[in-house]
$ cat final37.txt   # compact mmCIF, C-alpha atoms
# COMPACT_ATOMS: atom_id res chain seq x y z
CA MET R 27 57.71 21.47 -21.47
CA ALA R 28 61.12 22.40 -20.04
CA LEU R 29 62.61 22.63 -23.54
CA ALA R 30 59.86 25.02 -24.67
CA ILE R 31 60.45 27.23 -21.62
CA ILE R 32 64.23 27.30 -22.08
CA VAL R 33 64.03 27.97 -25.82
CA GLY R 34 61.29 30.58 -25.33
CA GLY R 35 63.27 32.30 -22.59
CA LEU R 36 66.52 32.33 -24.54
CA VAL R 37 64.94 33.56 -27.79
CA THR R 38 62.98 36.26 -25.96
CA SER R 39 66.13 37.28 -24.06
CA PHE R 40 68.18 37.45 -27.26
CA ILE R 41 65.64 39.68 -29.00
CA PHE R 42 65.30 41.84 -25.87
CA THR R 43 69.08 42.20 -25.57
CA VAL R 44 69.41 43.24 -29.21
CA ILE R 45 66.64 45.83 -28.79
CA VAL R 46 68.23 47.26 -25.64
CA LEU R 47 71.75 47.44 -27.06
CA VAL R 48 70.61 48.97 -30.35
CA SER R 49 68.46 51.48 -28.49
CA TRP R 50 71.48 52.49 -26.38
CA VAL R 51 73.16 53.62 -29.59
CA PHE R 52 70.19 55.35 -31.25
CA ALA R 53 68.06 56.49 -28.29
CA PRO R 54 70.05 56.44 -25.03
CA GLU R 55 67.69 59.02 -23.56
CA ALA R 56 65.03 56.29 -23.39
CA TRP R 57 66.96 54.75 -20.50
CA LEU R 58 67.34 57.92 -18.36
CA SER R 59 64.80 56.73 -15.80
CA ASP R 60 66.68 53.44 -15.34
CA LEU R 61 70.04 55.17 -15.13
CA THR R 62 68.89 57.64 -12.50
CA GLU R 63 66.64 55.30 -10.51
CA GLY R 64 63.56 57.24 -11.62
CA ARG R 65 64.85 60.73 -10.76
CA VAL R 66 65.02 61.83 -14.42
CA LYS R 67 62.17 60.99 -16.77
CA PRO R 68 62.93 60.16 -20.41
CA PRO R 69 61.71 62.66 -22.99
CA LYS R 70 58.47 61.83 -24.76
CA ASN R 71 59.55 61.60 -28.37
CA THR R 72 59.16 59.13 -31.20
CA LYS R 73 62.46 57.34 -30.51
CA THR R 74 61.66 56.61 -26.87
CA HIS R 75 58.15 55.45 -27.79
CA ILE R 76 59.57 53.07 -30.39
CA VAL R 77 62.05 51.68 -27.84
CA PHE R 78 59.39 51.06 -25.21
CA LEU R 79 56.91 49.65 -27.71
CA SER R 80 59.59 47.25 -29.00
CA VAL R 81 60.44 46.16 -25.46
CA LEU R 82 56.76 45.73 -24.57
CA ILE R 83 56.02 43.66 -27.66
CA THR R 84 59.03 41.43 -26.97
CA VAL R 85 58.22 40.97 -23.29
CA CYS R 86 54.61 40.06 -24.11
CA ALA R 87 55.18 38.02 -27.29
CA GLY R 88 57.86 35.69 -25.88
CA PRO R 89 55.73 34.37 -23.00
CA LEU R 90 52.62 34.29 -25.23
CA ILE R 91 54.28 32.18 -27.90
CA THR R 92 55.86 29.91 -25.29
CA ALA R 93 52.55 29.41 -23.46
CA TRP R 94 50.88 28.58 -26.76
CA TRP R 95 53.72 26.17 -27.64
CA VAL R 96 53.49 24.42 -24.26
CA GLY R 97 49.72 24.15 -24.64
CA ALA R 98 49.96 22.76 -28.15
CA MET R 99 52.58 20.15 -27.25
CA HIS R 100 51.27 18.97 -23.89
CA ASP R 101 47.60 19.97 -23.71
CA ALA R 102 48.65 22.06 -20.72
CA SER R 103 46.27 23.62 -18.23
CA PHE R 104 45.93 27.32 -17.52
CA TYR R 105 48.28 26.96 -14.54
CA GLU R 106 50.96 25.14 -16.53
CA ARG R 107 50.80 27.78 -19.25
CA SER R 108 50.99 30.52 -16.60
CA LEU R 109 54.05 28.89 -15.09
CA ALA R 110 55.69 28.49 -18.49
CA ALA R 111 55.04 32.14 -19.41
CA TRP R 112 56.28 33.35 -16.02
CA LEU R 113 59.46 31.27 -16.26
CA VAL R 114 60.19 32.85 -19.66
CA ILE R 115 59.93 36.26 -17.97
CA VAL R 116 62.21 35.07 -15.15
CA ILE R 117 64.80 33.85 -17.67
CA LEU R 118 64.54 37.20 -19.49
CA ASN R 119 65.09 39.16 -16.26
CA ILE R 120 68.02 37.01 -15.14
CA ILE R 121 69.76 37.38 -18.51
CA ASP R 122 69.01 41.11 -18.53
CA LEU R 123 70.52 41.45 -15.06
CA ILE R 124 73.62 39.36 -15.73
CA VAL R 125 74.40 40.18 -19.38
CA ILE R 126 73.14 43.72 -19.95
CA ASP R 127 73.22 45.30 -16.50
CA ILE R 128 76.23 43.68 -14.83
CA ALA R 129 78.48 42.38 -17.62
CA ILE R 130 78.02 45.07 -20.26
CA TYR R 131 76.85 48.17 -18.38
CA MET R 132 78.75 47.80 -15.10
CA TRP R 133 81.94 45.96 -16.11
CA VAL R 134 82.62 46.76 -19.75
CA TYR R 135 80.81 50.13 -19.85
CA PRO R 136 81.44 50.91 -23.52
CA SER R 137 81.65 54.52 -24.64
CA TRP R 138 78.37 54.31 -26.56
CA MET R 139 76.54 53.61 -23.27
CA LYS R 140 77.69 56.85 -21.65
CA VAL R 141 75.01 59.54 -21.37
CA GLU R 142 76.32 63.08 -20.95
CA GLY R 143 75.54 64.52 -17.56
CA ILE R 144 74.46 61.17 -16.07
CA GLU R 145 76.75 59.31 -13.71
CA PRO R 146 76.91 55.56 -14.37
CA LEU R 147 74.82 53.38 -12.07
CA HIS R 148 77.53 50.95 -10.96
CA GLN R 149 75.63 49.44 -8.07
CA VAL R 150 74.12 45.97 -8.31
CA TRP R 151 71.10 46.53 -6.06
CA PRO R 152 69.14 48.95 -8.35
CA HIS R 153 69.61 46.52 -11.24
CA ALA R 154 68.62 43.53 -9.09
CA LYS R 155 65.59 45.44 -7.80
CA GLY R 156 64.56 46.07 -11.41
CA ALA R 157 64.85 42.35 -12.16
CA LEU R 158 62.72 41.49 -9.12
CA ILE R 159 60.09 44.03 -10.16
CA GLY R 160 60.18 42.62 -13.68
CA CYS R 161 59.57 39.11 -12.37
CA SER R 162 56.82 40.05 -9.94
CA ILE R 163 54.90 43.26 -10.60
CA PHE R 164 55.08 42.97 -14.38
CA GLY R 165 55.83 39.28 -14.84
CA ILE R 166 52.93 37.73 -12.97
CA PRO R 167 50.16 39.72 -14.72
CA ILE R 168 51.77 39.19 -18.13
CA ALA R 169 52.03 35.44 -17.44
CA LEU R 170 48.39 35.21 -16.32
CA ILE R 171 47.12 37.22 -19.29
CA THR R 172 49.13 35.23 -21.84
CA ALA R 173 48.03 31.95 -20.26
CA GLY R 174 44.43 33.11 -20.39
CA ILE R 175 44.73 34.10 -24.03
CA THR R 176 46.25 30.77 -25.02
CA THR R 177 43.87 28.69 -22.89
CA PHE R 178 40.53 30.34 -23.47
CA ALA R 179 40.89 31.91 -26.93
$ encode --input "final37.txt" --output "structure tokens"
Amino acid sequence: MALAIIVGGLVTSFIFTVIVLVSWVFAPEAWLSDLTEGRVKPPKNTKTHIVFLSVLITVCAGPLITAWWVGAMHDASFYERSLAAWLVIVILNIIDLIVIDIAIYMWVYPSWMKVEGIEPLHQVWPHAKGALIGCSIFGIPIALITAGITTFA
């Protein structure tokens, strides 16, 4: 079960990281809310919708596939599948915090990540708060729903 969780978390994190970094190049305005701690809302256009839909699909599909995999390999209960799905989300949020937010955005800060008129958010706490919210407010319901789908469907 641990192998499935680690592989699921790493694959989900890799896909998520690629989506985020590519979207920084093609649709940086999608991240205005994150960059300004919610003070500036991103525009509602096709590019930002595609970014958020891609992120949503990745964040839901990774735990879903992992919960299914754990259930298929170990005849896992609803609670074990929930835990597996939630741990995938935790791995995703930790990698997002360390790799994307701290290493790339705060330390390296490449020119293609600069948004005109927006000061860089070089404080750890807003990024850490986002990771905690991702693990709790979004992560727990996603884990429970994916476990329910894989257990009862």
$ closest_residue --input "final37.txt" --among "R:Thr84, R:Asp127, R:Ala110, R:Val134" --to "Phe42 (chain R)" --atoms "all atoms listed in the file"
R:Thr84
$ atom_distance --input "final37.txt" --atom1 "CA of Pro89 (chain R)" --atom2 "CA of Thr172 (chain R)"
6.8 Å
$ closest_residue --input "final37.txt" --among "R:Pro54, R:Met27, R:Val46, R:Lys70" --to "Ser137 (chain R)" --atoms "all atoms listed in the file"
R:Pro54
$ residues_around --input "final37.txt" --residues "Ala53 (chain R)" --least-positions-apart "6" --cutoff "12 Å" --atoms "only C-alpha atoms" --output "list of chain:residue names"
R:Ile45, R:Val46, R:Leu47, R:Pro68, R:Pro69, R:Lys70, R:Asn71, R:Thr72, R:Lys73, R:Thr74, R:His75, R:Ile76, R:Val77, R:Phe78, R:Trp138, R:Met139, R:Lys140, R:Val141
$ closest_residue --input "final37.txt" --among "R:Val48, R:Ile121, R:Leu147, R:Leu29" --to "Gly160 (chain R)" --atoms "only C-alpha atoms"
R:Ile121
$ residues_around --input "final37.txt" --residues "Val33 (chain R)" --least-positions-apart "3" --cutoff "12 Å" --atoms "only C-alpha atoms" --output "VMD selection string"
chain R and resid 27 to 30 36 to 40 88 to 89 91 to 93 95 to 96 110 to 111 113 to 114 117 to 118
$ atom_distance --input "final37.txt" --atom1 "CA of Asp122 (chain R)" --atom2 "CA of Phe52 (chain R)"
19.1 Å
$ atom_distance --input "final37.txt" --atom1 "CA of Thr177 (chain R)" --atom2 "CA of Val85 (chain R)"
18.9 Å
$ closest_residue --input "final37.txt" --among "R:Val81, R:Ala179, R:Ile31, R:Leu170" --to "Val116 (chain R)" --atoms "all atoms listed in the file"
R:Ile31
$ closest_residue --input "final37.txt" --among "R:Gly174, R:Asp60, R:Thr43, R:Gly143" --to "Ile126 (chain R)" --atoms "only C-alpha atoms"
R:Thr43
$ closest_residue --input "final37.txt" --among "R:Ile32, R:Ala87, R:Leu61, R:Ile115" --to "Ile163 (chain R)" --atoms "all atoms listed in the file"
R:Ile115
$ residues_around --input "final37.txt" --residues "His153 (chain R)" --least-positions-apart "4" --cutoff "8 Å" --atoms "only C-alpha atoms" --output "number ranges by chain"
R: 123, 127, 149, 157
$ axis_aligned_box --input "final37.txt" --around "region 36-54 of chain R" --padding-each-side "3 Å" --output "JSON"
{"center_x": 68.1, "center_y": 44.4, "center_z": -27.7, "size_x": 16.2, "size_y": 30.2, "size_z": 13.2}
